[in-house]
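Visitor: Let me begin by handing over the structure; questions about it come next.
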Amino acid sequence: EYVALQAERNALQAMLDKIPEDRVLDRASLEIRLEEVAELLAETTLPERELTKAVLTFNGRPVAGSEGVLADFATKALAAFSEAITAVGASLHATLAPTGPVPNRQQYQMMITGTARGSFGFQLEESTTQLELDEDSTVALALEATRSLLDGSVGVDDEQLAEAAADMDQRALDKIRSFVSVLNDNEAVCTLMHAKKSFRFKDASQVKRSLERLSTEHLSENEKVISVKFG
């Protein structure tokens with residue numbers, strides 16, 4: 001209802017902008033309705049939703065315990081993770097082209113709000129640029145989809161992996177694969193915590209296994225024609 005009122009206000013204002021000030025009668029009804037809509041918007045109290053948060057920590061060769069992490073690795077890993085969440089989030093609203101800009105990418109961005117100790121990592125929080133009134137934000141759904149896919153990629157259950165990848169856009173899959181590739185290239189592992197759930201690569205061999213199971217050779221989509229007879 002709130003979004004509909006906003007749209008009506010914008011439409012009324014656009015119509016008034018096209019009507020000259022001296023055409024008083026033509027403007028009157030629109031101005032009256034615009035005042036009513038403005039009052040309704042002012043009286044509306046939006047439900048507050050807690051911003052989605054996540055913690056991404058790293059361990060392995062580029063990490064010196066809880067003291068720090070190599071800047072070159074951290075920059076690449078965070079960029080790859082951010083690109084993955086952005087692509088997954090955007091794919092929930094539209095089919096992504098294989099290349100080119102991700103539509104409305106600013107709506108699926110995450111901000112670094114602090115560092116995380118234990119191993120070394122970062123506290124992340126969704127940006128407030130997107131007005132979403134749903135209980136679960138798109139960023140939250142993207143984080144859960146990514147966590148589920150990573151979880152399936154380190155196991156032995158192909159059904160679990162296939163289910164996690166089934167509804168995921170190919171470009172989003174590629175971005176998650178790129179993130180795992182950064183970990184593999186740098187002999188690093190990570191832990192992702194979100195909404196009381198977590199995923200962790202135990203060692204470098206799991207990262208390598210994940211990359212293999214996320215490969216285009218392992219995850220492929222094809223059509224089959226099946227003949228069925230009812231008796």
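Ordered as shown in the structure tokens, chains take letters A, B, and onward, while each chain numbers its residues from 1 and ligands are numbered from 1 in the order shown.
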I'd like the neighbourhood of region 76-92 of chain A as number ranges by chain, where a residue qualifies if any of its atoms comes within 8 Å (using only C-alpha atoms), though same-chain residues fewer than 4 positions away should be ignored.
Guide: A: 72, 96, 102-105, 108-110, 138-139, 141-143, 145-146, 168-169, 171-173, 175-176, 178-179, 182-183
Visitor: List every residue of region 165-225 of chain A that has an atom at most 7 Å from any atom of region 149-159 of chain A, and for each one report the closest atom pair and its distance in Å to one decimal, counting only C-alpha atoms, with rows sorted by chain and then by increasing residue number, as a tab-separated table.
Guide:
residue	atom	partner	partner_atom	distance
A:Ala165	CA	A:Leu149	CA	6.4
A:Phe199	CA	A:Asp151	CA	6.4
A:Gln206	CA	A:Val154	CA	6.0
A:Arg209	CA	A:Val154	CA	6.2
A:Ser210	CA	A:Ser153	CA	4.7
A:Arg213	CA	A:Ser153	CA	5.7
A:Leu214	CA	A:Ser153	CA	6.5
Visitor: Could the residues in this selection be saved with C-alpha atoms as an mmCIF file, in the first residue's frame?
Guide:
data_model
loop_
_atom_site.group_PDB
_atom_site.id
_atom_site.type_symbol
_atom_site.label_atom_id
_atom_site.label_comp_id
_atom_site.auth_asym_id
_atom_site.auth_seq_id
_atom_site.Cartn_x
_atom_site.Cartn_y
_atom_site.Cartn_z
ATOM 1 C CA ALA A 165 21.823 -25.205 -7.933
ATOM 2 C CA PHE A 199 29.212 -22.998 6.516
ATOM 3 C CA GLN A 206 37.485 -29.330 0.661
ATOM 4 C CA ARG A 209 36.531 -30.549 -4.010
ATOM 5 C CA SER A 210 33.994 -27.723 -3.971
ATOM 6 C CA ARG A 213 31.811 -30.094 -8.018
ATOM 7 C CA LEU A 214 30.849 -26.535 -8.990
#
Visitor: Please return as JSON, numbers by chain: the residues of region 49-143 of chain A that backbone DSSP assigns to strand (DSSP E or B).
Guide: {"A": [53, 54, 55, 56, 57, 58, 59, 60, 63, 64, 68, 69, 110, 111, 112, 113, 114, 115, 116, 120, 121, 122, 123, 124, 125, 126]}
Visitor: Using only C-alpha atoms, find the one residue out of A:Ser220, A:Thr95, A:Glu126, A:Leu34 that sits nearest to Arg9 (chain A).
Guide: A:Leu34
Visitor: Find the residues near Thr113 (chain A): any atom within 8 Å, counting only C-alpha atoms, skip ones fewer than 5 places away on the same chain, and give them as a PyMOL selection string.
Guide: chain A and resi 122-125
